[in-house]
file work_29.pdb (PDB, C-alpha atoms)
ATOM      1  CA  MET A 130     242.946 217.488 127.891
ATOM      2  CA  THR A 131     243.964 213.906 128.692
ATOM      3  CA  LYS A 132     246.227 215.152 131.512
ATOM      4  CA  ALA A 133     243.233 216.870 133.103
ATOM      5  CA  ILE A 134     241.187 213.674 132.856
ATOM      6  CA  LYS A 135     244.004 211.698 134.492
ATOM      7  CA  GLU A 136     244.197 214.248 137.309
ATOM      8  CA  LEU A 137     240.435 214.107 137.806
ATOM      9  CA  LYS A 138     240.524 210.294 137.983
ATOM     10  CA  LEU A 139     243.407 210.483 140.468
ATOM     11  CA  PHE A 140     241.473 212.781 142.776
ATOM     12  CA  SER A 141     238.403 210.597 142.538
ATOM     13  CA  LEU A 142     240.283 207.565 143.902
ATOM     14  CA  ASP A 143     239.929 206.666 147.541
ATOM     15  CA  ASP A 144     242.927 207.292 149.794
ATOM     16  CA  HIS A 145     244.174 203.701 149.652
ATOM     17  CA  ARG A 146     244.128 203.528 145.840
ATOM     18  CA  ARG A 147     245.655 207.021 145.480
ATOM     19  CA  GLU A 148     248.486 206.033 147.793
ATOM     20  CA  ALA A 149     249.080 202.812 145.821
ATOM     21  CA  TYR A 150     249.048 204.819 142.573
ATOM     22  CA  GLU A 151     251.553 207.345 143.946
ATOM     23  CA  GLN A 152     253.806 204.560 145.222
ATOM     24  CA  ARG A 153     253.748 202.967 141.788
ATOM     25  CA  LEU A 154     254.658 206.292 140.155
ATOM     26  CA  LYS A 155     257.506 206.747 142.639
ATOM     27  CA  ALA A 156     258.790 203.231 141.954
ATOM     28  CA  MET A 157     258.724 203.877 138.207
ATOM     29  CA  ARG A 158     260.606 207.179 138.618
ATOM     30  CA  ASP A 159     263.157 205.534 140.899
ATOM     31  CA  TYR A 160     263.684 202.752 138.372
ATOM     32  CA  GLU A 161     264.139 205.225 135.503
ATOM     33  CA  SER A 162     266.576 207.256 137.571
ATOM     34  CA  SER A 163     268.536 204.149 138.512
ATOM     35  CA  MET A 164     268.698 202.979 134.904
ATOM     36  CA  ALA A 165     269.889 206.408 133.744
ATOM     37  CA  ALA A 166     272.621 206.409 136.400
ATOM     38  CA  GLU A 167     273.753 202.887 135.446
ATOM     39  CA  PHE A 168     273.777 203.830 131.768
ATOM     40  CA  GLN A 169     275.954 206.829 132.555
ATOM     41  CA  LYS A 170     278.347 204.669 134.605
ATOM     42  CA  GLY A 171     278.570 202.177 131.754
ATOM     43  CA  GLU A 172     279.221 204.930 129.270
ATOM     44  CA  GLN A 173     282.024 206.370 131.429
ATOM     45  CA  LEU A 174     283.537 202.921 131.892
ATOM     46  CA  GLY A 175     283.480 202.342 128.137
ATOM     47  CA  LEU A 176     285.160 205.693 127.489
ATOM     48  CA  HIS A 177     287.844 204.936 130.079
ATOM     49  CA  GLU A 178     288.535 201.491 128.625
ATOM     50  CA  GLY A 179     288.699 202.937 125.122
ATOM     51  CA  GLU A 180     291.124 205.590 126.299
ATOM     52  CA  GLN A 181     293.354 202.954 127.923
ATOM     53  CA  ILE A 182     293.359 200.886 124.724
ATOM     54  CA  GLY A 183     294.286 203.992 122.736
ATOM     55  CA  ILE A 184     297.141 204.818 125.087
ATOM     56  CA  LYS A 185     298.451 201.250 124.894
ATOM     57  CA  LYS A 186     298.295 201.212 121.091
ATOM     58  CA  GLY A 187     299.988 204.604 120.964
ATOM     59  CA  LYS A 188     302.846 203.395 123.133
ATOM     60  CA  GLU A 189     303.252 200.255 121.027
ATOM     61  CA  GLU A 190     303.280 202.297 117.821
ATOM     62  CA  GLY A 191     305.794 204.713 119.319
ATOM     63  CA  LEU A 192     308.108 201.878 120.341
ATOM     64  CA  LYS A 193     307.841 200.358 116.870
ATOM     65  CA  GLU A 194     308.662 203.682 115.215
ATOM     66  CA  GLY A 195     311.588 204.131 117.612
ATOM     67  CA  LYS A 196     312.992 200.726 116.714
ATOM     68  CA  ILE A 197     312.653 201.479 113.004
ATOM     69  CA  GLU A 198     314.532 204.725 113.549
ATOM     70  CA  ASP A 199     317.242 202.830 115.467
ATOM     71  CA  VAL A 200     317.556 200.311 112.629
ATOM     72  CA  LEU A 201     317.861 203.062 110.037
ATOM     73  CA  ASN A 202     320.501 204.874 112.100
ATOM     74  CA  ALA A 203     322.441 201.633 112.585
ATOM     75  CA  LEU A 204     322.319 200.978 108.846
ATOM     76  CA  LYS A 205     323.610 204.505 108.157
ATOM     77  CA  ILE A 206     326.712 203.908 110.271
ATOM     78  CA  GLY A 207     327.328 200.604 108.533
ATOM     79  CA  LEU A 208     326.309 197.982 111.081
ATOM     80  CA  ASP A 209     325.456 194.575 109.629
ATOM     81  CA  VAL A 210     321.982 193.013 109.779
ATOM     82  CA  GLU A 211     322.941 190.424 112.423
ATOM     83  CA  THR A 212     324.316 193.048 114.811
ATOM     84  CA  ILE A 213     321.295 195.298 114.349
ATOM     85  CA  HIS A 214     319.007 192.335 115.010
ATOM     86  CA  LYS A 215     320.850 191.506 118.238
ATOM     87  CA  ILE A 216     320.714 195.118 119.440
ATOM     88  CA  THR A 217     317.131 196.001 118.503
ATOM     89  CA  GLY A 218     315.329 192.662 118.448
ATOM     90  CA  VAL A 219     313.863 193.571 115.055
ATOM     91  CA  ALA A 220     313.488 190.611 112.723
ATOM     92  CA  LYS A 221     316.310 190.226 110.209
ATOM     93  CA  GLU A 222     313.849 190.206 107.316
ATOM     94  CA  GLU A 223     312.385 193.516 108.508
ATOM     95  CA  ILE A 224     315.892 194.991 108.759
ATOM     96  CA  ARG A 225     316.665 193.871 105.201
ATOM     97  CA  LYS A 226     313.392 195.381 104.033
ATOM     98  CA  LEU A 227     314.247 198.704 105.692
ATOM     99  CA  GLN A 228     317.757 198.502 104.257
ATOM    100  CA  LYS A 229     316.351 198.075 100.760
ATOM    101  CA  GLN A 230     313.917 200.969 101.244
ATOM    102  CA  ALA A 231     316.710 203.218 102.527
ATOM    103  CA  LYS A 232     318.850 202.451  99.476
ATOM    104  CA  GLU A 233     315.954 203.270  97.140
ATOM    105  CA  GLN A 234     315.528 206.709  98.675
TER     106      GLN A 234
END
call {"tool": "encode", "arguments": {"input": "work_29.pdb", "output": "structure tokens"}}
result
Amino acid sequence: MTKAIKELKLFSLDDHRREAYEQRLKAMRDYESSMAAEFQKGEQLGLHEGEQIGIKKGKEEGLKEGKIEDVLNALKIGLDVETIHKITGVAKEEIRKLQKQAKEQ
């Protein structure tokens, strides 16, 4: 019912006021469309950045796991802590910790 009343009021406006009303409606629709598009762009940008962060963290974790595996393999063949540290760059304390864990297993 209220939509019909709005339509009736619109048709009762003179040409100048109807044109101004329609321009205002168009401006509002354009603004809403623009905001929706910007929101979507922001959302896509956020997803992309999150994906890049995830990839970076995954690579870092993979490198860390690879170094731990290298340390454990070096310990198995009898290399000393100092040599393993020089080869892998892993802190001596971390190597000793891994050495202790390997002995406990």
call {"tool": "atom_distance", "arguments": {"input": "work_29.pdb", "atom1": "atom CA of A:His177", "atom2": "atom CA of A:Leu192"}}
result
22.7 Å
call {"tool": "atom_distance", "arguments": {"input": "work_29.pdb", "atom1": "atom CA of A:Val219", "atom2": "atom CA of A:Lys193"}}
result
9.3 Å
call {"tool": "atom_distance", "arguments": {"input": "work_29.pdb", "atom1": "atom CA of A:Glu172", "atom2": "atom CA of A:Ala156"}}
result
24.1 Å
call {"tool": "resolve_selection", "arguments": {"input": "work_29.pdb", "expression": "the PyMOL selection byres ((chain A and resi 228) around 12)", "output": "ChimeraX atom specification"}}
result
/A:197-198,200-205,207-210,213,221-227,229-234
call {"tool": "axis_aligned_box", "arguments": {"input": "work_29.pdb", "around": "stretch 160-174 of chain A", "padding_each_side": "6 Å", "output": "JSON"}}
result
{"center_x": 273.6, "center_y": 204.7, "center_z": 133.9, "size_x": 31.9, "size_y": 17.1, "size_z": 21.2}
call {"tool": "decode", "arguments": {"input": "work_29.pdb", "residues": "stretch 154-216 of chain A", "atoms": "C-alpha atoms", "output": "short mmCIF file (atom, residue, chain, number, x, y, z; two decimals), in the first residue's frame"}}
result
data_model
loop_
_atom_site.label_atom_id
_atom_site.label_comp_id
_atom_site.auth_asym_id
_atom_site.auth_seq_id
_atom_site.Cartn_x
_atom_site.Cartn_y
_atom_site.Cartn_z
CA LEU A 154 17.44 7.89 -6.83
CA LYS A 155 20.02 7.27 -9.56
CA ALA A 156 22.76 8.86 -7.45
CA MET A 157 21.82 6.68 -4.48
CA ARG A 158 21.84 3.52 -6.63
CA ASP A 159 25.18 4.48 -8.15
CA TYR A 160 26.63 5.06 -4.69
CA GLU A 161 25.36 1.71 -3.41
CA SER A 162 26.74 -0.04 -6.47
CA SER A 163 30.10 1.66 -6.06
CA MET A 164 30.28 0.75 -2.38
CA ALA A 165 29.41 -2.88 -3.13
CA ALA A 166 32.14 -3.04 -5.78
CA GLU A 167 34.72 -1.49 -3.42
CA PHE A 168 33.71 -3.90 -0.66
CA GLN A 169 34.19 -6.81 -3.03
CA LYS A 170 37.62 -5.50 -4.09
CA GLY A 171 38.63 -5.13 -0.45
CA GLU A 172 37.43 -8.61 0.34
CA GLN A 173 39.43 -10.08 -2.57
CA LEU A 174 42.51 -8.12 -1.52
CA GLY A 175 42.19 -9.42 2.03
CA LEU A 176 41.85 -13.00 0.81
CA HIS A 177 44.91 -12.61 -1.42
CA GLU A 178 47.00 -11.13 1.40
CA GLY A 179 45.89 -13.89 3.75
CA GLU A 180 46.81 -16.50 1.17
CA GLN A 181 50.28 -14.96 0.73
CA ILE A 182 50.83 -14.95 4.50
CA GLY A 183 49.77 -18.60 4.66
CA ILE A 184 52.15 -19.55 1.87
CA LYS A 185 55.02 -17.71 3.57
CA LYS A 186 54.33 -19.37 6.92
CA GLY A 187 54.06 -22.75 5.22
CA LYS A 188 57.43 -22.32 3.55
CA GLU A 189 59.03 -21.22 6.83
CA GLU A 190 57.55 -24.20 8.66
CA GLY A 191 58.72 -26.54 5.90
CA LEU A 192 62.26 -25.18 6.07
CA LYS A 193 62.26 -25.55 9.85
CA GLU A 194 61.06 -29.15 9.62
CA GLY A 195 63.69 -29.84 6.96
CA LYS A 196 66.45 -28.50 9.19
CA ILE A 197 65.22 -30.59 12.11
CA GLU A 198 65.29 -33.65 9.87
CA ASP A 199 68.84 -32.76 8.77
CA VAL A 200 69.94 -32.40 12.40
CA LEU A 201 68.43 -35.76 13.32
CA ASN A 202 70.10 -37.46 10.34
CA ALA A 203 73.44 -35.86 11.22
CA LEU A 204 73.10 -37.06 14.80
CA LYS A 205 72.34 -40.59 13.58
CA ILE A 206 75.60 -40.75 11.64
CA GLY A 207 77.51 -39.47 14.65
CA LEU A 208 78.33 -35.86 13.79
CA ASP A 209 79.08 -33.63 16.77
CA VAL A 210 76.92 -30.67 17.80
CA GLU A 211 79.43 -28.04 16.60
CA THR A 212 79.66 -29.54 13.11
CA ILE A 213 75.89 -29.86 12.81
CA HIS A 214 75.51 -26.24 13.91
CA LYS A 215 77.99 -25.07 11.27
CA ILE A 216 76.25 -27.07 8.53
#
